[in-house]
Amino acid sequence: MFQRFDSEDLFKNSIKSGITLFCGAGFSIMASSINGKKLPDGAGLLEELKNEFSDISDYNNLSRACTKIVRSDKASFYKYLEKRFTVTDFDPIYMNLTKLNIKSI
């Protein structure tokens with residue numbers, strides 16, 4: 001027989017047993033990198049990469065642009081990504097994640 005849970009019970013049971021976080025591009029919008037700029041989403045990253053790597057200026061697809069850069073200048077690309085995504089500041093609200101029983105991300 002099916003047992004009905006209200007949403008609060010379901011939430012509490014899920015938290016106790018462990019949850020999986022599905023984080024999209026917007027997850028990190030409240031974090032900043034070493035240069036003080038907020039972390040970009042995919043579209044923002046593509047525009048930044050176009051400014052940094054002129055050979056992809058006509059690309060409209062992040063995946064394809066990254067593939068092109070890796071083939072032509074992998075070391076510079078990885079260096080750029082490491083610098084751009086090294087988080088130096090974030091909203092304290094992210095610390096709430098440490099209170100959760102996270103199974104996977």
# chains A, B, ... in the order shown; residues from 1 in each chain; ligands from 1
>>> select_by_dssp(residues="chain A", states="helix (DSSP H, G or I)", output="PyMOL selection string")
chain A and resi 7-17+25-28+42-52+54-56+62-84+92-99
>>> residues_around(residues="Asn35 in chain A", least_positions_apart="2", cutoff="9 Å", atoms="only C-alpha atoms", output="list in words")
Ser32, Ser33, Lys37, Lys38, Lys83, Arg84 and Thr88 of chain A
>>> closest_residue(among="A:Leu100, A:Glu82, A:Ile93, A:Ala31", to="Ile19 in chain A", atoms="only C-alpha atoms")
A:Leu100
>>> select_by_dssp(residues="range 11-61 of chain A", states="strand (DSSP E or B)", output="PyMOL selection string")
chain A and resi 19-20+31-33+38
>>> write_last_selection(atoms="N, CA, C and O atoms", output="short mmCIF file (atom, residue, chain, number, x, y, z; two decimals), in the first residue's frame")
data_model
loop_
_atom_site.label_atom_id
_atom_site.label_comp_id
_atom_site.auth_asym_id
_atom_site.auth_seq_id
_atom_site.Cartn_x
_atom_site.Cartn_y
_atom_site.Cartn_z
N ILE A 19 21.60 13.27 -0.04
CA ILE A 19 21.05 13.82 -1.27
C ILE A 19 22.14 13.93 -2.34
O ILE A 19 23.32 13.92 -2.04
N THR A 20 21.69 14.03 -3.57
CA THR A 20 22.57 14.30 -4.69
C THR A 20 22.27 15.72 -5.16
O THR A 20 21.12 16.07 -5.36
N ALA A 31 29.97 33.58 -6.48
CA ALA A 31 31.39 33.39 -6.16
C ALA A 31 32.23 34.24 -7.12
O ALA A 31 31.83 34.49 -8.25
N SER A 32 33.39 34.66 -6.64
CA SER A 32 34.28 35.48 -7.46
C SER A 32 35.65 34.82 -7.57
O SER A 32 36.10 34.13 -6.66
N SER A 33 36.31 35.09 -8.68
CA SER A 33 37.65 34.54 -8.90
C SER A 33 38.71 35.51 -8.44
O SER A 33 38.41 36.61 -7.96
N LYS A 38 32.84 38.01 -10.89
CA LYS A 38 31.95 36.89 -10.64
C LYS A 38 32.22 35.79 -11.65
O LYS A 38 32.60 36.05 -12.79
#
>>> residues_around(residues="Ser14 in chain A", least_positions_apart="3", cutoff="12 Å", atoms="only C-alpha atoms", output="ChimeraX atom specification")
/A:5,7-11,17-21,100-103
>>> closest_residue(among="A:Ala43, A:Val87, A:Leu81, A:Ala75", to="Asn61 in chain A", atoms="only C-alpha atoms")
A:Ala43
>>> residues_around(residues="Ile29 in chain A", least_positions_apart="2", cutoff="12 Å", atoms="only C-alpha atoms", output="ChimeraX atom specification")
/A:23-27,31-33,37-42,44,85,87,89-91,94
>>> atom_distance(atom1="CA of Tyr80 in chain A", atom2="CA of Asn96 in chain A")
29.5 Å
